[in-house]
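To start, the structure under review is shown below, and the notes come after it.
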There are 2 protein chains.
Amino acid sequence: MATTIEDVAREAGVSIATVSRYLNGPGGIVAAETGSRVQAAVARLGYVPNSAARSLKTGKTGLIGVLLANIAHPYWSTVLAGVEEACQKAGYGAMVSSAADRADVEHSYLQTFLKQRVDGILLNPAHADPTTVAAWARLRVPIVLIDRTLPGLPFPLVAMDNALGTRLAVEHLLALSHRRLGFVSWRPNGLSNREERLAGFVSTLEDAGVRADPGLIRFAADGWSDGVAQTLALLAQPDPPTAIVSANSTLNLQLLAAIKHRGRRVPADISVVGYDDSPWDPLLDPPLTTVATPAKALGTMAAERLIAAIAGHDGYGNRELRLTPELLIRQSTGPVRELGVPDELRVNGSGNRPRPSPPTPLPRKGEGVGG
Amino acid sequence: MATTIEDVAREAGVSIATVSRYLNGPGGIVAAETGSRVQAAVARLGYVPNSAARSLKTGKTGLIGVLLANIAHPYWSTVLAGVEEACQKAGYGAMVSSAADRADVEHSYLQTFLKQRVDGILLNPAHADPTTVAAWARLRVPIVLIDRTLPGLPFPLVAMDNALGTRLAVEHLLALSHRRLGFVSWRPNGLSNREERLAGFVSTLEDAGVRADPGLIRFAADGWSDGVAQTLALLAQPDPPTAIVSANSTLNLQLLAAIKHRGRRVPADISVVGYDDSPWDPLLDPPLTTVATPAKALGTMAAERLIAAIAGHDGYGNRELRLTPELLIRQSTGPVRELGVPDELRVNGSGNRPRPSPPTPLPRKGEGVGG
DNA sequence: TTGTAGGCGTTATCAA
DNA sequence: TTGATAACGCCTACAA
């Protein structure tokens, strides 16, 4: 068995109350000389307080639960790094779990969190299932939603300004005179982030007086392949788009791959705006114009807000906190060349002749990562 | 305050011992009729056992600590998905922490784990710092190393067979008649995975009687940009390699970007073998020949082994468990064309004329991920 | 088959 | 400034 406070007390020749006071109380509540004796005993014995015993008494565990719909997506590594940082700073531990997109797994992890009496939960909801939503809504623990919400969840939300993200992408393309814009996204599923990016795309076009052709909006199943198929379908249309917006980082590469598969060049034949600015986006061919989202900040802010809520310091109520995306213009977007006329049909065929591409610019410095 | 076992006992009209027995004991130890009364009371009150109290009594927390050197790398999303799965299955919770490659953060998280009395620790060590190593070695908790180890750490290891990985890459290139092979890796730092991949590269060349030119081996700082610089340096040599092996998934894209920046074509001018087979490797241009490593299985097996060790069921002692990588041959490697003669100097300049590239093949089906 | 009671390691109250 | 002691919620002999 590990050493207990009693061992320390004996070793230091004081009572356990004194040890506890020295360890927890504000400095000065214990005589300096006594304190240093306790200090020495703690060091000698390698004493580490048992937080189960402590939390039994205090009702606080110093733990927050992080329940993600699916951690198996690079985006979340970055978000988690932010969550970690905030937890670390505040002395909290994080229990991270991934529901693998399944409602039953989500529920089982929730149970684990409740058993562990986490002080709060950071939730990225997996499913719009009404029963699950009702169960969540009934909980008493402080909960902060991260990245997205669902109708009926009465908790504060920290998320990206998704509508603004697609708005930036569309405005950029409109400014380049594109009028037939394609959009490849996830299937909406009632999840707010997906709905909002779609809404931002459509409304920005409408605001500009451009008709949003429903045929140019495609939804791909989650994963790394259906986005290719959907993009191909988009390109195969009689009047294909001159530019495409990707709704998330998983789709970015799928769009690019599909476009190359069709033998189209980016941006000469078609422009592409990606989403999320993954660290490798500047390394793609061509370097991707992207809606950059502050993924790490998302994690930090959500965790900070949850910790504030736990301490009762959250003055925001259930208000949303939205993080602002930013458009990074690289080389995957360019002015439209000609509307709706495929390269092959042009009289002056010069556009179809490959020219040596300019040297790829070097990427900006990225954050250090290990491995 | 949450409802306690006492509330349940009162509600069901039994003693707390009976409730506890019904909840924990093997079925049948409580009369069926009594059991269903307890069951009903639990449901009505929404009772969830307090695991702090339980673990105070039993000495087990049902928690494992996962301490990663740096979670901010896509590779770990996949590993964690595996860890999650195994924990979920065994009823364990996982506390995941990331040291951001800093020894002090690593140490602070270790303290958190010890305070929480985790039942075991999954460790991906961040630094070869001897003090830290000594501190680790002194711990009494069951520990399983994941992905890499350090000299002096007396714990079981679950990792990839790294030497085999680079061996597969080199053998493939040798079979394509390449003789000047470049290698771009991380700075070794004493971390086993890095050392092993380097050793596998060098020894495979030597076994084949090919001299491993030290000038063709470059080490890049962690991150998303130095790999580009190192690859450029490699290509700028008087007698550049005809093929390059990448040591990890972060470098894959950096190699490709640098090669394109120099105007070289893959695989016509230079072959590239990547590492890790990230989900997007088949989407790259060209689809990357890669050493595929079972990242999710790494997580699963490490967690399972730790859980077995906690239960005292680990018959393996400190033996290593190595997972076998596999070479996936796609389109980034091809036969060597001519040794050491740059395209520009050829009399027959046909090699320098861009030809339309063949359509990119569609990617295989990937695992579903959310977002 | 069920109930009573002691104790797990802390914190916090109350005296000294 | 320090010490004795009663909880905190649960498990588990031991009794009934």
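Identifiers in this document derive from the order of the structure tokens: chains are assigned A, B, ..., residues are numbered from 1 separately in each chain, and ligands are numbered from 1 in order of occurrence.
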8 Å contacts from chain B to chain D using only C-alpha atoms (C1' of nucleotides), as a list of chain:residue names
B:Thr4, B:Ile5, B:Ser20, B:Asn50, B:Ala53, B:Arg54, B:Lys57, B:Thr58
Could you name the residues that touch Ala31 of chain A at 10 Å or less, counting only C-alpha atoms (C1' of nucleotides), but leaving out those on the same chain fewer than 3 positions away, as an MDAnalysis selection string?
(chainID A and resid 18 22 27:28 34:36) or (chainID D and resid 1:2)
Chain B contacts on chain C, only C-alpha atoms (C1' of nucleotides), 9 Å, as number ranges by chain:
C: 1-3, 7-9
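One finds atom CA of Thr78 of chain A at 28.8 Å from atom CA of Pro267 of chain A.
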Taking only C-alpha atoms into account, report as a PyMOL selection string which residues of chain A lie within 7 Å of chain B.
chain A and resi 48-53+55-56+69-74+77-78+81+84+93-98+101+112+114-117+222-225+253-254+257+260-263+279+283-284+359-361+363-370
Restricted to C-alpha atoms, what would the selected residues look like written as a PDB file, in the first residue's frame?
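Output saved as out-v2.pdb:
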```
ATOM      1  CA  VAL A  48       1.436  11.490  -2.740  1.00  0.00           C
ATOM      2  CA  PRO A  49      -2.040  12.346  -1.434  1.00  0.00           C
ATOM      3  CA  ASN A  50      -4.800   9.912  -2.328  1.00  0.00           C
ATOM      4  CA  SER A  51      -7.293  11.906  -4.299  1.00  0.00           C
ATOM      5  CA  ALA A  52     -10.034   9.307  -3.871  1.00  0.00           C
ATOM      6  CA  ALA A  53     -10.006   9.946  -0.152  1.00  0.00           C
ATOM      7  CA  SER A  55     -12.665  13.766  -3.125  1.00  0.00           C
ATOM      8  CA  LEU A  56     -14.772  11.600  -0.915  1.00  0.00           C
ATOM      9  CA  ALA A  69     -17.833  11.748 -31.015  1.00  0.00           C
ATOM     10  CA  ASN A  70     -14.779  10.384 -32.748  1.00  0.00           C
ATOM     11  CA  ILE A  71     -11.195  10.991 -31.846  1.00  0.00           C
ATOM     12  CA  ALA A  72      -9.943   9.207 -34.953  1.00  0.00           C
ATOM     13  CA  HIS A  73      -9.666  12.442 -36.835  1.00  0.00           C
ATOM     14  CA  PRO A  74      -6.489  14.520 -36.959  1.00  0.00           C
ATOM     15  CA  SER A  77      -5.377  15.952 -31.854  1.00  0.00           C
ATOM     16  CA  THR A  78      -5.004  19.680 -32.077  1.00  0.00           C
ATOM     17  CA  ALA A  81      -3.636  19.678 -27.190  1.00  0.00           C
ATOM     18  CA  GLU A  84      -4.635  19.568 -22.136  1.00  0.00           C
ATOM     19  CA  GLY A  93      -6.891  16.021 -15.117  1.00  0.00           C
ATOM     20  CA  ALA A  94      -8.730  15.084 -18.290  1.00  0.00           C
ATOM     21  CA  MET A  95     -10.429  11.795 -18.957  1.00  0.00           C
ATOM     22  CA  VAL A  96     -10.644  11.579 -22.715  1.00  0.00           C
ATOM     23  CA  SER A  97     -13.024   9.189 -24.395  1.00  0.00           C
ATOM     24  CA  SER A  98     -14.162   8.642 -27.926  1.00  0.00           C
ATOM     25  CA  ASP A 101     -19.732   7.771 -33.492  1.00  0.00           C
ATOM     26  CA  THR A 112     -17.999   6.043 -16.540  1.00  0.00           C
ATOM     27  CA  LEU A 114     -20.601   9.880 -13.684  1.00  0.00           C
ATOM     28  CA  LYS A 115     -19.169   7.032 -11.649  1.00  0.00           C
ATOM     29  CA  GLN A 116     -15.856   8.839 -11.492  1.00  0.00           C
ATOM     30  CA  ARG A 117     -17.731  11.948 -10.383  1.00  0.00           C
ATOM     31  CA  ASP A 222     -17.800  10.266 -43.225  1.00  0.00           C
ATOM     32  CA  GLY A 223     -14.473   8.731 -44.077  1.00  0.00           C
ATOM     33  CA  TRP A 224     -11.714   9.043 -46.615  1.00  0.00           C
ATOM     34  CA  SER A 225     -13.305   7.901 -49.844  1.00  0.00           C
ATOM     35  CA  LEU A 253      -7.561  15.935 -49.981  1.00  0.00           C
ATOM     36  CA  GLN A 254     -10.441  14.004 -51.430  1.00  0.00           C
ATOM     37  CA  ALA A 257      -7.534  13.775 -55.606  1.00  0.00           C
ATOM     38  CA  LYS A 260      -6.661  15.336 -60.521  1.00  0.00           C
ATOM     39  CA  HIS A 261      -8.253  12.044 -61.345  1.00  0.00           C
ATOM     40  CA  ARG A 262     -10.431  13.846 -63.862  1.00  0.00           C
ATOM     41  CA  GLY A 263      -7.345  15.488 -65.311  1.00  0.00           C
ATOM     42  CA  PRO A 279      -0.604  21.611 -40.879  1.00  0.00           C
ATOM     43  CA  LEU A 283       2.407  21.285 -48.491  1.00  0.00           C
ATOM     44  CA  LEU A 284      -0.256  20.131 -50.908  1.00  0.00           C
ATOM     45  CA  PRO A 359       8.092  26.088 -58.051  1.00  0.00           C
ATOM     46  CA  THR A 360       6.015  25.266 -55.032  1.00  0.00           C
ATOM     47  CA  PRO A 361       6.639  27.881 -52.336  1.00  0.00           C
ATOM     48  CA  PRO A 363       5.559  26.223 -46.207  1.00  0.00           C
ATOM     49  CA  ARG A 364       5.439  28.550 -43.279  1.00  0.00           C
ATOM     50  CA  LYS A 365       6.943  27.384 -40.038  1.00  0.00           C
ATOM     51  CA  GLY A 366       4.573  24.993 -38.292  1.00  0.00           C
ATOM     52  CA  GLU A 367       4.221  24.083 -34.667  1.00  0.00           C
ATOM     53  CA  GLY A 368       6.582  21.473 -33.367  1.00  0.00           C
ATOM     54  CA  VAL A 369       5.232  17.994 -33.075  1.00  0.00           C
ATOM     55  CA  GLY A 370       6.881  14.852 -31.892  1.00  0.00           C
TER      56      GLY A 370
END
```
Apply DSSP to the backbone of this structure and, from segment 203-244 of chain B, keep only the residues in strand (DSSP E); write these as an MDAnalysis selection string.
chainID B and resid 217:220 243:244
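All residues within segment 246-340 of chain A that the backbone DSSP calculation assigns to alpha helix (DSSP H) are Ser249, Thr250, Leu251, Asn252, Leu253, Gln254, Leu255, Leu256, Ala257, Ala258, Ile259, Lys260, His261, Ala295, Lys296, Ala297, Leu298, Gly299, Thr300, Met301, Ala302, Ala303, Glu304, Arg305, Leu306, Ile307, Ala308, Ala309 and Ile310 of chain A.
Take atom CA of Leu173 of chain B and atom CA of Val291 of chain B: the distance between them is 12.3 Å.
Rounded to one decimal, atom CA of Ala86 of chain B and atom CA of Leu298 of chain B lie 10.8 Å from each other.
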